[in-house]
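Source file model32.csv; content: CSV, C-alpha atoms and all ligand atoms.
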chain,number,residue,atom,x,y,z
A,1,MET,CA,6.2,-10.7,13.9
A,2,ASN,CA,9.7,-11.6,12.8
A,3,LEU,CA,11.7,-9.1,14.7
A,4,GLY,CA,15.0,-10.3,13.3
A,5,LEU,CA,13.9,-9.1,9.8
A,6,ASN,CA,11.9,-6.1,10.9
A,7,SER,CA,13.9,-4.6,13.7
A,8,ASP,CA,16.0,-2.4,11.4
A,9,ARG,CA,12.8,-0.7,10.1
A,10,LEU,CA,11.3,-0.4,13.5
A,11,ARG,CA,14.5,1.1,14.8
A,12,HIS,CA,14.6,3.7,12.0
A,13,GLN,CA,11.0,4.6,13.0
A,14,MET,CA,12.0,4.9,16.6
A,15,VAL,CA,14.8,7.2,15.7
A,16,ALA,CA,12.5,9.3,13.5
A,17,ARG,CA,10.2,9.7,16.4
A,18,LEU,CA,13.1,10.8,18.7
A,19,LYS,CA,14.0,13.5,16.1
A,20,GLN,CA,10.4,14.6,15.9
A,21,LYS,CA,10.4,15.0,19.7
A,22,GLY,CA,13.5,17.2,19.5
A,23,ILE,CA,16.6,15.0,19.7
A,24,THR,CA,19.0,16.6,17.3
A,25,ASP,CA,22.5,15.2,18.4
A,26,THR,CA,23.5,13.1,15.4
A,27,ARG,CA,25.9,11.1,17.6
A,28,VAL,CA,23.1,10.1,20.0
A,29,LEU,CA,20.7,9.3,17.1
A,30,ALA,CA,23.3,7.1,15.4
A,31,ALA,CA,23.9,5.2,18.7
A,32,MET,CA,20.2,4.7,19.2
A,33,LEU,CA,20.0,3.4,15.7
A,34,ALA,CA,22.8,1.0,16.2
A,35,VAL,CA,21.5,-0.9,19.3
A,36,PRO,CA,18.8,-3.6,18.9
A,37,ARG,CA,16.5,-2.9,21.8
A,38,HIS,CA,14.4,-6.1,21.4
A,39,ILE,CA,17.5,-8.1,22.5
A,40,PHE,CA,17.2,-6.5,26.0
A,41,VAL,CA,13.6,-7.4,26.8
A,42,ASP,CA,11.8,-10.7,27.3
A,43,GLN,CA,10.7,-12.4,24.1
A,44,GLY,CA,7.1,-11.9,25.0
A,45,LEU,CA,7.7,-8.1,25.0
A,46,ALA,CA,10.0,-8.0,21.9
A,47,SER,CA,7.2,-6.8,19.6
A,48,ARG,CA,6.9,-3.7,21.9
A,49,ALA,CA,10.6,-3.1,22.1
A,50,TYR,CA,10.6,-0.1,19.7
A,51,GLU,CA,7.7,1.7,21.4
A,52,ASP,CA,8.7,4.8,23.3
A,53,ALA,CA,7.8,3.1,26.6
A,54,ALA,CA,9.5,1.8,29.7
A,55,LEU,CA,9.1,-2.1,29.8
A,56,PRO,CA,9.5,-4.5,32.7
A,57,ILE,CA,12.8,-6.4,32.9
A,58,GLY,CA,12.1,-8.4,36.1
A,59,PHE,CA,13.1,-7.7,39.7
A,60,SER,CA,10.5,-4.9,39.7
A,61,GLN,CA,12.7,-2.8,37.4
A,62,THR,CA,12.3,-1.4,33.9
A,63,ILE,CA,14.2,-0.7,30.7
A,64,SER,CA,14.1,3.1,30.3
A,65,GLN,CA,12.1,4.8,27.6
A,66,PRO,CA,14.2,5.5,24.4
A,67,TRP,CA,13.2,9.1,24.7
A,68,ILE,CA,14.6,9.7,28.2
A,69,ILE,CA,17.8,7.8,27.3
A,70,SER,CA,18.4,9.9,24.2
A,71,ARG,CA,17.5,13.1,26.1
A,72,MET,CA,19.9,12.4,29.0
A,73,LEU,CA,22.8,11.4,26.7
A,74,SER,CA,22.2,14.5,24.5
A,75,ILE,CA,22.4,16.7,27.5
A,76,VAL,CA,25.8,15.2,28.7
A,77,CYS,CA,27.1,15.4,25.1
A,78,GLU,CA,26.0,19.0,24.4
A,79,ASP,CA,29.0,21.1,23.3
A,80,ARG,CA,31.5,18.5,24.5
A,81,ASN,CA,32.9,15.2,23.8
A,82,PRO,CA,32.9,13.1,26.9
A,83,GLN,CA,35.6,10.3,26.9
A,84,LYS,CA,35.1,8.4,30.2
A,85,VAL,CA,31.5,8.0,31.4
A,86,LEU,CA,29.8,6.3,34.3
A,87,GLU,CA,26.2,4.9,34.3
A,88,ILE,CA,24.5,4.1,37.6
A,89,GLY,CA,21.8,1.5,37.2
A,90,THR,CA,22.7,-0.9,34.4
A,91,GLY,CA,19.4,-2.7,34.5
A,92,CYS,CA,19.3,-5.0,31.4
A,93,GLY,CA,22.3,-3.2,29.8
A,94,TYR,CA,20.4,-1.3,27.1
A,95,GLN,CA,21.7,2.2,27.9
A,96,ALA,CA,25.2,0.8,28.5
A,97,ALA,CA,25.1,-0.6,25.0
A,98,VAL,CA,24.0,2.8,23.5
A,99,MET,CA,26.8,4.4,25.6
A,100,ALA,CA,29.4,2.0,24.2
A,101,HIS,CA,28.6,3.3,20.7
A,102,LEU,CA,29.0,6.9,21.9
A,103,PHE,CA,32.0,7.0,24.3
A,104,PRO,CA,35.4,5.4,24.3
A,105,VAL,CA,35.3,4.3,27.9
A,106,VAL,CA,32.1,3.2,29.7
A,107,TYR,CA,31.6,2.0,33.3
A,108,SER,CA,28.3,0.9,34.6
A,109,ILE,CA,27.1,-0.2,38.1
A,110,GLU,CA,24.1,-2.3,39.0
A,111,ARG,CA,23.0,-3.3,42.5
A,112,ILE,CA,20.8,-6.3,41.7
A,113,LYS,CA,22.9,-9.4,40.9
A,114,GLY,CA,20.3,-11.0,38.5
A,115,LEU,CA,20.2,-7.8,36.4
A,116,TYR,CA,24.0,-7.5,36.5
A,117,ASP,CA,24.2,-11.1,35.1
A,118,MET,CA,21.5,-10.4,32.5
A,119,ALA,CA,23.3,-7.2,31.3
A,120,ARG,CA,26.5,-9.0,30.9
A,121,GLU,CA,24.8,-11.7,28.8
A,122,HIS,CA,23.1,-9.1,26.6
A,123,LEU,CA,26.4,-7.2,26.1
A,124,ARG,CA,28.2,-10.4,25.3
A,125,ASP,CA,25.5,-11.3,22.7
A,126,LEU,CA,26.2,-7.9,21.0
A,127,ARG,CA,30.0,-8.3,21.3
A,128,LEU,CA,30.1,-5.2,23.5
A,129,VAL,CA,31.1,-6.8,26.7
A,130,SER,CA,34.7,-5.8,26.4
A,131,LYS,CA,33.6,-2.1,25.7
A,132,VAL,CA,31.7,-1.7,29.0
A,133,SER,CA,33.2,-2.3,32.4
A,134,LEU,CA,30.3,-3.7,34.5
A,135,THR,CA,30.4,-3.6,38.3
A,136,PHE,CA,28.0,-5.4,40.7
A,137,GLY,CA,27.7,-2.9,43.6
A,138,ASP,CA,26.1,0.2,45.1
A,139,GLY,CA,26.3,3.0,42.5
A,140,MET,CA,25.5,5.6,45.2
A,141,LEU,CA,29.2,5.2,46.1
A,142,GLY,CA,30.3,5.7,42.5
A,143,LEU,CA,33.6,4.2,41.4
A,144,PRO,CA,36.2,6.2,43.1
A,145,ALA,CA,39.1,4.1,41.8
A,146,TYR,CA,38.2,5.0,38.2
A,147,ALA,CA,37.2,8.6,38.7
A,148,PRO,CA,37.1,11.3,37.4
A,149,PHE,CA,34.3,10.9,34.9
A,150,ASP,CA,33.5,13.3,32.1
A,151,ALA,CA,29.8,12.4,32.5
A,152,ILE,CA,27.7,10.5,35.0
A,153,VAL,CA,24.2,9.3,34.1
A,154,ILE,CA,22.0,8.0,36.9
A,155,ALA,CA,19.1,5.8,35.7
A,156,ALA,CA,17.2,5.7,39.0
A,157,ALA,CA,15.7,8.4,41.2
A,158,GLY,CA,16.9,9.2,44.7
A,159,LEU,CA,15.7,11.8,47.2
A,160,GLU,CA,18.9,13.7,46.4
A,161,ILE,CA,21.9,13.1,44.2
A,162,PRO,CA,24.7,11.5,46.3
A,163,GLY,CA,27.4,14.1,47.1
A,164,VAL,CA,30.3,11.7,46.5
A,165,LEU,CA,29.3,11.4,42.9
A,166,LEU,CA,29.8,15.2,42.4
A,167,HIS,CA,33.4,14.8,43.5
A,168,GLN,CA,33.9,12.0,40.9
A,169,LEU,CA,33.1,14.4,38.0
A,170,SER,CA,36.0,15.9,36.1
A,171,VAL,CA,36.0,19.7,36.0
A,172,GLY,CA,33.7,20.6,33.1
A,173,GLY,CA,32.0,17.3,33.5
A,174,ARG,CA,28.3,16.8,33.7
A,175,LEU,CA,26.0,14.6,35.8
A,176,ILE,CA,22.4,14.0,34.8
A,177,ALA,CA,19.9,12.3,37.1
A,178,PRO,CA,16.3,12.2,38.2
A,179,GLU,CA,15.7,13.5,41.7
A,180,GLY,CA,12.7,13.1,44.0
A,181,THR,CA,10.3,10.4,45.0
A,182,SER,CA,6.7,10.8,43.8
A,183,ASN,CA,7.4,14.1,42.0
A,184,GLN,CA,10.7,13.6,40.1
A,185,ARG,CA,12.6,16.1,38.1
A,186,LEU,CA,15.6,15.7,35.8
A,187,VAL,CA,18.6,17.5,37.4
A,188,LEU,CA,21.7,18.6,35.5
A,189,ILE,CA,24.9,19.3,37.5
A,190,GLU,CA,28.0,20.6,35.9
A,191,ARG,CA,31.3,20.8,37.8
A,192,THR,CA,32.7,24.2,37.1
A,193,GLY,CA,35.8,24.1,39.3
A,194,GLU,CA,37.6,22.1,42.0
A,195,ALA,CA,34.9,23.1,44.5
A,196,SER,CA,32.1,24.5,42.4
A,197,TRP,CA,29.1,23.0,40.7
A,198,ASP,CA,26.2,24.5,38.7
A,199,ARG,CA,22.8,22.9,39.1
A,200,SER,CA,19.8,23.3,36.9
A,201,GLU,CA,16.4,21.6,37.1
A,202,LEU,CA,14.8,20.3,33.9
A,203,GLU,CA,11.5,18.5,33.1
A,204,ALA,CA,9.4,16.2,35.2
A,205,VAL,CA,10.3,12.5,34.8
A,206,ARG,CA,9.5,9.1,36.2
A,207,PHE,CA,12.2,6.6,37.2
A,208,VAL,CA,12.4,3.5,39.5
A,209,PRO,CA,14.0,4.3,42.9
A,210,LEU,CA,17.7,4.6,43.6
A,211,ARG,CA,18.4,2.3,46.5
A,212,SER,CA,21.5,1.8,48.6
A,213,GLY,CA,23.3,-1.5,49.2
A,214,THR,CA,23.1,-4.6,46.9
A,215,GLN,CA,20.6,-7.4,46.3
A,216,SER,CA,22.0,-10.8,45.5
A,301,LIG,N1,19.9,1.8,32.4
A,301,LIG,C1,18.8,0.9,32.3
A,301,LIG,C2,17.7,1.4,33.3
A,301,LIG,C3,17.4,0.3,34.3
A,301,LIG,S1,16.3,0.8,35.6
A,301,LIG,C4,18.3,0.8,30.9
A,301,LIG,O1,19.1,0.8,30.0
A,301,LIG,O2,17.1,0.7,30.7
A,301,LIG,C5,17.4,1.4,36.8
A,301,LIG,C6,18.3,0.4,37.5
A,301,LIG,O3,19.0,1.1,38.5
A,301,LIG,C7,17.6,-0.8,38.1
A,301,LIG,O4,18.1,-1.9,37.5
A,301,LIG,C8,18.0,-0.7,39.6
A,301,LIG,O5,18.3,-2.0,40.2
A,301,LIG,C9,19.3,0.1,39.5
A,301,LIG,N2,19.7,0.8,40.7
A,301,LIG,C10,18.9,1.4,41.7
A,301,LIG,N3,19.7,1.9,42.7
A,301,LIG,C11,21.0,1.6,42.3
A,301,LIG,C12,22.3,1.8,43.0
A,301,LIG,N4,22.4,2.4,44.2
A,301,LIG,N5,23.4,1.3,42.4
A,301,LIG,C13,23.3,0.6,41.2
A,301,LIG,N6,22.1,0.4,40.6
A,301,LIG,C14,21.0,0.9,41.1

For the structure just supplied, provide its representation as structure tokens.
Amino acid sequence: MNLGLNSDRLRHQMVARLKQKGITDTRVLAAMLAVPRHIFVDQGLASRAYEDAALPIGFSQTISQPWIISRMLSIVCEDRNPQKVLEIGTGCGYQAAVMAHLFPVVYSIERIKGLYDMAREHLRDLRLVSKVSLTFGDGMLGLPAYAPFDAIVIAAAGLEIPGVLLHQLSVGGRLIAPEGTSNQRLVLIERTGEASWDRSELEAVRFVPLRSGTQS
């Protein structure tokens, strides 16, 4: 299959499926339509890039399912217009590219050096590298020097959401993350005041684990 020619059509189909599954935010749908997902996976997997599936990206990690990415981004965008956003777990850089189409200022942290390098290359290929500030480091610490963030999206599941990240949210800002080990749930936390946060638990999900430290 010549993906170069077909990817536009496949991407429209992918977005049509996301709509069918309940994604209604037109900003999120437009961003999902704009980013060629096949660029982010191994050539041998490119023909599967527009399936609604997580796919391997090396280092025992995966590129997230289009559905879950659009769901998480829709939740942080609901009734608001986040300006400065942090992603934890860049992986191959796909979600960071989608976020670059949605938000004026995007930061993303990855703890595995090989994936950090890979993400940088992918973003460079798409001329998005100047729109996303990538950091190689432990995202469990957040990015205190650049806080507060209007939204924080965690792409890996920890036993619990690191408390420091809650303090890096702006008031009114939202954090979305999977929480748990074998039984994971999507958790939404909204900062309602200087020292107050609202927490709600959403649907069951499956993510790779959030780990501390870095791997070079
Ligand atoms: N956002 C990616 C998802 C990648 S999978 C996408 O677009 O598909 C989740 C990633 O989180 C993995 O690459 C993993 O290495 C990374 N990760 C896990 N714990 C982390 C931590 N503490 N800090 C930064 N990245 C982390």

How would you write, as a ChimeraX atom specification, the set of residues no farther than 6 Å from ligand LIG 301 (chain A) when counting all atoms listed in the file? /A:61-64,88-95,109-112,138-140,155-156,209-212

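With atom CA of A:Thr181 on one side and atom CA of A:Ala204 on the other, the separation reads 11.4 Å.
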
Rank A:Leu115, A:Val187, A:Leu33, A:Ala97 by their smallest atom-to-atom distance to A:Gly137, using all atoms listed in the file, and report the top residue only. A:Leu115

May I ask which of the residues A:Lys84, A:Asp150, A:Met72, A:Pro178 is the closest one to A:Ser133, counting only C-alpha atoms?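 For A:Ser133, the nearest of the given residues is A:Lys84.
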
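By only C-alpha atoms, and with residues fewer than 4 positions from A:Glu78 along its chain excluded, the set lying at most 9 Å from it is Asp25, Leu73 and Ser74 of chain A.
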
Mind listing as a list of chain:residue names all residues within 6 Å of (10.5, 6.9, 29.8), counting all atoms listed in the file? A:Ala53, A:Ala54, A:Ser64, A:Gln65, A:Ile68

Got a sec: who's within 9 Å of A:Ser200, counting all atoms listed in the file, leaving out chain neighbours fewer than 5 positions off, as an mmCIF file with C-alpha atoms, in the frame of the given file?
data_model
loop_
_atom_site.group_PDB
_atom_site.id
_atom_site.type_symbol
_atom_site.label_atom_id
_atom_site.label_comp_id
_atom_site.auth_asym_id
_atom_site.auth_seq_id
_atom_site.Cartn_x
_atom_site.Cartn_y
_atom_site.Cartn_z
ATOM 1 C CA LEU A 186 15.600 15.700 35.800
ATOM 2 C CA VAL A 187 18.600 17.500 37.400
ATOM 3 C CA LEU A 188 21.700 18.600 35.500
ATOM 4 C CA ILE A 189 24.900 19.300 37.500
ATOM 5 C CA GLU A 190 28.000 20.600 35.900
#

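Nearest residue to A:Met32 among A:Lys19, A:Leu165, A:Gly44, A:Ala151 is A:Lys19, counting only C-alpha atoms.
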
Rank nothing, just name the residue among A:Arg17, A:Gly180, A:Ala96, A:Ser216 nearest to A:Glu201, using only C-alpha atoms.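 The answer is A:Gly180, which sits nearest to A:Glu201.
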
By how many Å are atom CA of A:Thr192 and atom CA of A:Val106 apart?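 These atoms are spaced 22.3 Å apart.
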
Closest pair table for stretch 154-196 of chain A residues within 9 Å of stretch 145-149 of chain A, only C-alpha atoms, as a Markdown table:
| residue | atom | partner | partner_atom | distance |
| --- | --- | --- | --- | --- |
| A:His167 | CA | A:Pro148 | CA | 7.9 |
| A:Gln168 | CA | A:Pro148 | CA | 4.8 |
| A:Leu169 | CA | A:Phe149 | CA | 4.8 |
| A:Ser170 | CA | A:Pro148 | CA | 4.9 |
| A:Val171 | CA | A:Pro148 | CA | 8.6 |
| A:Gly173 | CA | A:Phe149 | CA | 6.9 |
| A:Arg174 | CA | A:Phe149 | CA | 8.5 |

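Pairwise distance (atom CA of A:Gly22, atom CA of A:Phe40) equals 24.9 Å.
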
Find, counting all atoms listed in the file, the residue in A:Val28, A:Ala195, A:Leu166, A:Val129 that gets nearest to A:Phe103. A:Val28

At most 10 Å from (16.6, -7.1, 22.6), file frame, all atoms listed in the file: which residues, as an NGL selection string? :A and (3-4 or 7 or 35-43 or 45-47 or 49-50 or 92-94 or 122 or 125-126)

Produce a file of the selected residues containing C-alpha atoms, as an mmCIF file, keeping the file's coordinate frame.
data_model
loop_
_atom_site.group_PDB
_atom_site.id
_atom_site.type_symbol
_atom_site.label_atom_id
_atom_site.label_comp_id
_atom_site.auth_asym_id
_atom_site.auth_seq_id
_atom_site.Cartn_x
_atom_site.Cartn_y
_atom_site.Cartn_z
ATOM 1 C CA LEU A 3 11.700 -9.100 14.700
ATOM 2 C CA GLY A 4 15.000 -10.300 13.300
ATOM 3 C CA SER A 7 13.900 -4.600 13.700
ATOM 4 C CA VAL A 35 21.500 -0.900 19.300
ATOM 5 C CA PRO A 36 18.800 -3.600 18.900
ATOM 6 C CA ARG A 37 16.500 -2.900 21.800
ATOM 7 C CA HIS A 38 14.400 -6.100 21.400
ATOM 8 C CA ILE A 39 17.500 -8.100 22.500
ATOM 9 C CA PHE A 40 17.200 -6.500 26.000
ATOM 10 C CA VAL A 41 13.600 -7.400 26.800
ATOM 11 C CA ASP A 42 11.800 -10.700 27.300
ATOM 12 C CA GLN A 43 10.700 -12.400 24.100
ATOM 13 C CA LEU A 45 7.700 -8.100 25.000
ATOM 14 C CA ALA A 46 10.000 -8.000 21.900
ATOM 15 C CA SER A 47 7.200 -6.800 19.600
ATOM 16 C CA ALA A 49 10.600 -3.100 22.100
ATOM 17 C CA TYR A 50 10.600 -0.100 19.700
ATOM 18 C CA CYS A 92 19.300 -5.000 31.400
ATOM 19 C CA GLY A 93 22.300 -3.200 29.800
ATOM 20 C CA TYR A 94 20.400 -1.300 27.100
ATOM 21 C CA HIS A 122 23.100 -9.100 26.600
ATOM 22 C CA ASP A 125 25.500 -11.300 22.700
ATOM 23 C CA LEU A 126 26.200 -7.900 21.000
#

Name the closest residue to A:Asp117 among the candidates A:Ala30, A:Leu134, A:Val164, A:Ile154; distances are taken between atoms, counting only C-alpha atoms. A:Leu134
